[in-house]
Amino acid sequence: MAEILGKFNGPNAKYKINISIGSLGGDADLARTSNSGIPRTYNIVFNENYPNATSLSKATSLIHEYIHAYFNTLYDDWKNNGNIHAYDEYPPLKAFYIDGTYSSPYSKDAHHDAIASSFINLMAATIQEYNTNMPVAVGAADQFYIDMAWSSLQGTPAYNNSNLTEEAKDRIGSQRAVETYNKPRGIYPVVGTPCNN
């Protein structure tokens, strides 16, 4: 995560992120990342209709969107700065942007495949560390936080085509709903704290 955040903040940052709240056109997305129209600057917009979610839900969305912005910087590194190795670590992105062999015409699907294949454990550790204020090694997060990381992909082909069992998907969906609406559901308690910002 430090590498991702370092691209946007710090002494060597070459990119910028604007974060705001606004309309996503009635879309069910909780947040969305886009190019701002200004070189090397990206916008993350949280849906103005995001319910009274917990800080854990919003942090999960923010981490997910930062990864999208990071992938956008890789595009800039490749297309505009000539870095032919920008996508070497992310086969779905290389297949989409360079090889033209990706199975979907949508870049967001390639992004989500790359998140599913390369970032779930990192996201889970980051979310757990954020929520508990205790260091967590990548790959050592509790199942709840792994589920929260996966929940940021709900409704995407990457999630639908994953090797997650239906039981796991039910659990992930329930836990995400609990945190998104800040309301217990069946056996699932609210883990995060209320967030009105």
# chains A, B, ... in the order shown; residues from 1 in each chain; ligands from 1
$ residues_around --residues "Thr156 (chain A)" --least-positions-apart "4" --cutoff "8 Å" --atoms "only C-alpha atoms" --output "list in words"
Asp109, His112 and Asn160 of chain A
$ residues_around --residues "Ser151 (chain A)" --least-positions-apart "3" --cutoff "10 Å" --atoms "only C-alpha atoms" --output "list of chain:residue names"
A:Ser57, A:Thr60, A:Ser61, A:Ile120, A:Tyr145, A:Ile146, A:Asp147, A:Met148, A:Gln154, A:Gly155, A:Tyr159, A:Lys169, A:Arg171, A:Ile172, A:Gly173, A:Ser174, A:Gln175, A:Arg176, A:Ala177
$ select_by_dssp --residues "chain A" --states "alpha helix (DSSP H)" --output "PyMOL selection string"
chain A and resi 2-6+55-79+91-93+107-118+120-132+143-151+157-160+166-181
$ select_by_dssp --residues "region 16-147 of chain A" --states "strand (DSSP E)" --output "number ranges by chain"
A: 16-22, 31-35, 41-47
$ residues_around --residues "region 123-133 of chain A" --least-positions-apart "5" --cutoff "10 Å" --atoms "only C-alpha atoms" --output "list in words"
Met1, Ser55, Leu56, Ser57, Ala59, Thr60, Ile63, His64, Ile67, Ile115, Ser118, Val138, Gly139, Ala140, Ala141, Asp142, Gln143, Phe144, Tyr145, Ile146, Asp147, Met148, Ala149, Trp150, Ser152, Val191, Gly192 and Thr193 of chain A
$ closest_atom_pairs --of "region 68-144 of chain A" --to "region 13-23 of chain A" --cutoff "12 Å" --atoms "only C-alpha atoms" --output "Markdown table"
| residue | atom | partner | partner_atom | distance |
| --- | --- | --- | --- | --- |
| A:His68 | CA | A:Ile17 | CA | 11.2 |
| A:Ala69 | CA | A:Ile17 | CA | 7.9 |
| A:Tyr70 | CA | A:Tyr15 | CA | 9.2 |
| A:Phe71 | CA | A:Tyr15 | CA | 11.8 |
| A:Asn72 | CA | A:Tyr15 | CA | 10.0 |
| A:Thr73 | CA | A:Tyr15 | CA | 7.4 |
| A:Leu74 | CA | A:Tyr15 | CA | 10.8 |
| A:Asp76 | CA | A:Tyr15 | CA | 9.9 |
| A:Asp77 | CA | A:Lys14 | CA | 10.4 |
| A:Asn81 | CA | A:Lys14 | CA | 11.8 |
$ residues_around --residues "region 90-98 of chain A" --least-positions-apart "5" --cutoff "10 Å" --atoms "only C-alpha atoms" --output "PyMOL selection string"
chain A and resi 71+74-75+78-79+84-85+103-115+117-118
$ decode --residues "region 72-100 of chain A" --atoms "C-alpha atoms" --output "PDB file, in the first residue's frame"
ATOM      1  CA  ASN A  72      -4.537   4.495 -13.967  1.00  0.00           C
ATOM      2  CA  THR A  73      -1.030   5.710 -13.111  1.00  0.00           C
ATOM      3  CA  LEU A  74       0.376   2.515 -14.610  1.00  0.00           C
ATOM      4  CA  TYR A  75      -1.452   3.348 -17.828  1.00  0.00           C
ATOM      5  CA  ASP A  76       0.113   6.798 -17.782  1.00  0.00           C
ATOM      6  CA  ASP A  77       3.531   5.274 -17.028  1.00  0.00           C
ATOM      7  CA  TRP A  78       3.117   2.943 -20.016  1.00  0.00           C
ATOM      8  CA  LYS A  79       1.305   5.083 -22.588  1.00  0.00           C
ATOM      9  CA  ASN A  80       2.751   8.514 -21.901  1.00  0.00           C
ATOM     10  CA  ASN A  81       6.070   7.800 -20.200  1.00  0.00           C
ATOM     11  CA  GLY A  82       7.203   4.778 -22.230  1.00  0.00           C
ATOM     12  CA  ASN A  83       7.518   2.276 -19.369  1.00  0.00           C
ATOM     13  CA  ILE A  84       7.033  -0.991 -21.285  1.00  0.00           C
ATOM     14  CA  HIS A  85       7.121  -2.960 -18.016  1.00  0.00           C
ATOM     15  CA  ALA A  86       4.359  -1.016 -16.206  1.00  0.00           C
ATOM     16  CA  TYR A  87       1.936  -3.968 -16.383  1.00  0.00           C
ATOM     17  CA  ASP A  88       4.363  -6.854 -15.876  1.00  0.00           C
ATOM     18  CA  GLU A  89       2.963  -7.677 -12.413  1.00  0.00           C
ATOM     19  CA  TYR A  90      -0.688  -7.539 -13.525  1.00  0.00           C
ATOM     20  CA  PRO A  91      -1.509  -9.984 -16.345  1.00  0.00           C
ATOM     21  CA  PRO A  92      -5.154  -8.858 -16.753  1.00  0.00           C
ATOM     22  CA  LEU A  93      -4.023  -5.258 -17.316  1.00  0.00           C
ATOM     23  CA  LYS A  94      -1.266  -6.315 -19.703  1.00  0.00           C
ATOM     24  CA  ALA A  95      -3.785  -8.436 -21.634  1.00  0.00           C
ATOM     25  CA  PHE A  96      -6.206  -5.493 -21.852  1.00  0.00           C
ATOM     26  CA  TYR A  97      -3.920  -2.559 -22.566  1.00  0.00           C
ATOM     27  CA  ILE A  98      -0.912  -4.059 -24.342  1.00  0.00           C
ATOM     28  CA  ASP A  99      -1.774  -7.442 -25.838  1.00  0.00           C
ATOM     29  CA  GLY A 100      -5.420  -6.752 -26.699  1.00  0.00           C
TER      30      GLY A 100
END
